[in-house]
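Inspection log for the structure reproduced underneath, given as structure tokens.
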Amino acid sequence: MTSAPPPEELDPDALKAVTHPLRRRILGVLSAGPATATKLAQTLGENTGATSYHLRELARFGFVEDVPELARGKERWWRTRPRDIRWPRRSEQSAESRVLFDDMQRQGFEDDLEKLNRFAEKRDELPGGWPDALLFSRGATWLTEEELQQLWHDYMELFRRYWRTEEDRSPEARRVIVRWLAFPDPGE
């Protein structure tokens with residue numbers, strides 16, 4: 001089993017690179033498996049020049065990498081690069097970084113909600129026990145700032161224990177989207 005990559009914090013330039021709308025869409029497609037710039041252009045309704053440029057920018061900041069074993073002639077294949085990205089604390093971000101981060105976070109929630117809705121529409125078509133695989137829990141508790149941080153670290157430790165690369169997954173495994181969210185009740 002491959003171990004999860006070490007946590008790393010992004011700098012503001014990398015944050016700008018990954019928050020570009022087309023780059024986020026490219027990363028979304030590549031998260032399902034490798035693709036060429038041409039395939040990405042067809043899938044996303046873009047031109048190959050645009051996808052090629054944005055792939056190179058994503059590679060420059062380490063978000064994607066070449067897959068040389070799939071290359072044939074001039075055909076260049078790309079995949080996401082496994083990373084455990086951590087964002088700087090909000091209090092340490094510049095005003096510009098906060099705007100980028102907030103937009104990226106909002107878009108990430110919208111993307112996940114759209115995927116959840118697609119799953120709900122197709123879940124009865126899935127084989128085996130997968131239609132029952134919508135795991136959900138919602139609760140509230142009283143925590144100090146320090147306890148909330150510890151809860152986050154404990155969650156990340158658990159998530160990293162189950163982290164797999166595409167090459168290291170079981171043939172029966174499906175890509176599972178996991179989102180953890182905790183925040184102070186704004187009514188308090």
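Labels for the structure tokens follow display order: chains A, B, ..., residues from 1 in each chain, ligands from 1.
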I want to know what sits within 12 Å of Thr43 of chain A, based on only C-alpha atoms, with residues of the same chain fewer than 6 positions away left out; could you give that as a ChimeraX atom specification?
/A:22,25-26,28-30,35-37,51
How about saving the chosen residues, N, CA and C atoms kept, as a PDB file, in the first residue's frame?
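That gives us again_31.pdb:
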```pdb
ATOM      1  N   LEU A  22     -10.795  27.030 -15.435  1.00  0.00           N
ATOM      2  CA  LEU A  22     -10.520  25.936 -16.366  1.00  0.00           C
ATOM      3  C   LEU A  22      -9.554  24.931 -15.746  1.00  0.00           C
ATOM      4  N   ARG A  25     -11.457  22.652 -13.554  1.00  0.00           N
ATOM      5  CA  ARG A  25     -12.206  21.680 -14.358  1.00  0.00           C
ATOM      6  C   ARG A  25     -11.267  20.596 -14.887  1.00  0.00           C
ATOM      7  N   ILE A  26     -10.076  20.981 -15.326  1.00  0.00           N
ATOM      8  CA  ILE A  26      -9.078  20.009 -15.798  1.00  0.00           C
ATOM      9  C   ILE A  26      -8.734  19.034 -14.673  1.00  0.00           C
ATOM     10  N   GLY A  28     -10.533  18.249 -12.181  1.00  0.00           N
ATOM     11  CA  GLY A  28     -11.694  17.398 -11.937  1.00  0.00           C
ATOM     12  C   GLY A  28     -11.744  16.217 -12.887  1.00  0.00           C
ATOM     13  N   VAL A  29     -11.482  16.454 -14.167  1.00  0.00           N
ATOM     14  CA  VAL A  29     -11.478  15.363 -15.151  1.00  0.00           C
ATOM     15  C   VAL A  29     -10.309  14.422 -14.876  1.00  0.00           C
ATOM     16  N   LEU A  30      -9.134  14.978 -14.607  1.00  0.00           N
ATOM     17  CA  LEU A  30      -7.958  14.132 -14.370  1.00  0.00           C
ATOM     18  C   LEU A  30      -8.076  13.320 -13.080  1.00  0.00           C
ATOM     19  N   ALA A  35      -5.355  11.670 -18.937  1.00  0.00           N
ATOM     20  CA  ALA A  35      -5.929  12.130 -20.206  1.00  0.00           C
ATOM     21  C   ALA A  35      -4.894  12.963 -20.938  1.00  0.00           C
ATOM     22  N   THR A  36      -5.118  13.131 -22.236  1.00  0.00           N
ATOM     23  CA  THR A  36      -4.293  14.017 -23.058  1.00  0.00           C
ATOM     24  C   THR A  36      -4.954  15.389 -23.107  1.00  0.00           C
ATOM     25  N   ALA A  37      -4.213  16.384 -23.562  1.00  0.00           N
ATOM     26  CA  ALA A  37      -4.778  17.727 -23.735  1.00  0.00           C
ATOM     27  C   ALA A  37      -5.934  17.687 -24.725  1.00  0.00           C
ATOM     28  N   THR A  51      -6.122  23.886 -23.233  1.00  0.00           N
ATOM     29  CA  THR A  51      -5.880  22.822 -22.255  1.00  0.00           C
ATOM     30  C   THR A  51      -4.391  22.532 -22.123  1.00  0.00           C
TER      31      THR A  51
END
```
Inset, instruction - For Ala4 of chain A, list every protein, DNA or RNA residue within 9 Å, evaluated using only C-alpha atoms, and leave out those in the same chain fewer than 3 positions away; present the list as a VMD selection string. - result: chain A and resid 7 82 to 84 160 to 165
Taken to one decimal, the atom CA of Leu58 of chain A-atom CA of Lys39 of chain A distance is 16.6 Å
Taking 3 positions as the minimum chain separation for residues in the same chain, which residues sit within 8 Å of Val64 of chain A when counting only C-alpha atoms? Answer as number ranges by chain. A: 55, 58-59, 78-81
Shortest contact to Asp132 of chain A, candidates A:Asp66, A:Glu9, A:Ala120, A:Pro34, atoms counted only C-alpha atoms, goes to A:Ala120
Next item on the list: Pick out the residues sitting within 9 Å of Asp11 of chain A, and hand them over as a VMD selection string; count only C-alpha atoms, and ignore anything fewer than 5 positions along from it in its own chain.
Entry: chain A and resid 16 87 to 88
* **Surrounding residues of Ala41 of chain A excluding itself and chain neighbours under 6 positions, 9 Å, only C-alpha atoms, as a PyMOL selection string** => chain A and resi 47-52
* Asked: Neighbours of segment 128-131 of chain A within 12 Å (only C-alpha atoms; same-chain residues fewer than 6 positions away dropped), as a PyMOL selection string?
  -> chain A and resi 119-122+172-176
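Atom to atom, atom CA of Tyr53 of chain A and atom CA of Leu70 of chain A stand 19.9 Å apart.
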Next on the checklist: Give me, as a count of residues only, all polymer residues having an atom no more than 12 Å from Arg90 of chain A, counting only C-alpha atoms and skipping those fewer than 3 positions away in the same chain.
Outcome noted: 12
The distance between atom CA of Gly187 of chain A and atom CA of Phe109 of chain A is 21.6 Å
Item checked: Picked from segment 18-92 of chain A by DSSP as alpha helix (DSSP H), as a ChimeraX atom specification -> /A:18-19,21-30,37-44,48-60
Across A:Thr19, A:Glu75, A:Leu126, A:Pro6, the smallest distance to Glu157 of chain A, with only C-alpha atoms counted, is shown by A:Pro6
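Residue nearest Arg76 of chain A within the list A:His153, A:Gln42, A:Glu146, A:Arg56: A:Arg56 [criterion: smallest interatomic distance, only C-alpha atoms].
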(request) Name the residues of segment 33-186 of chain A that fall into strand (DSSP E or B) according to DSSP on the backbone, using the chain letters and numbers of this document, as a PyMOL selection string. (result) chain A and resi 35-36+64-66+72+75+77-80+84-86
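Shortest atom-to-atom contact with Met104 of chain A among A:Leu15, A:Phe61, A:Ile85, A:Pro184: A:Leu15, counting only C-alpha atoms.
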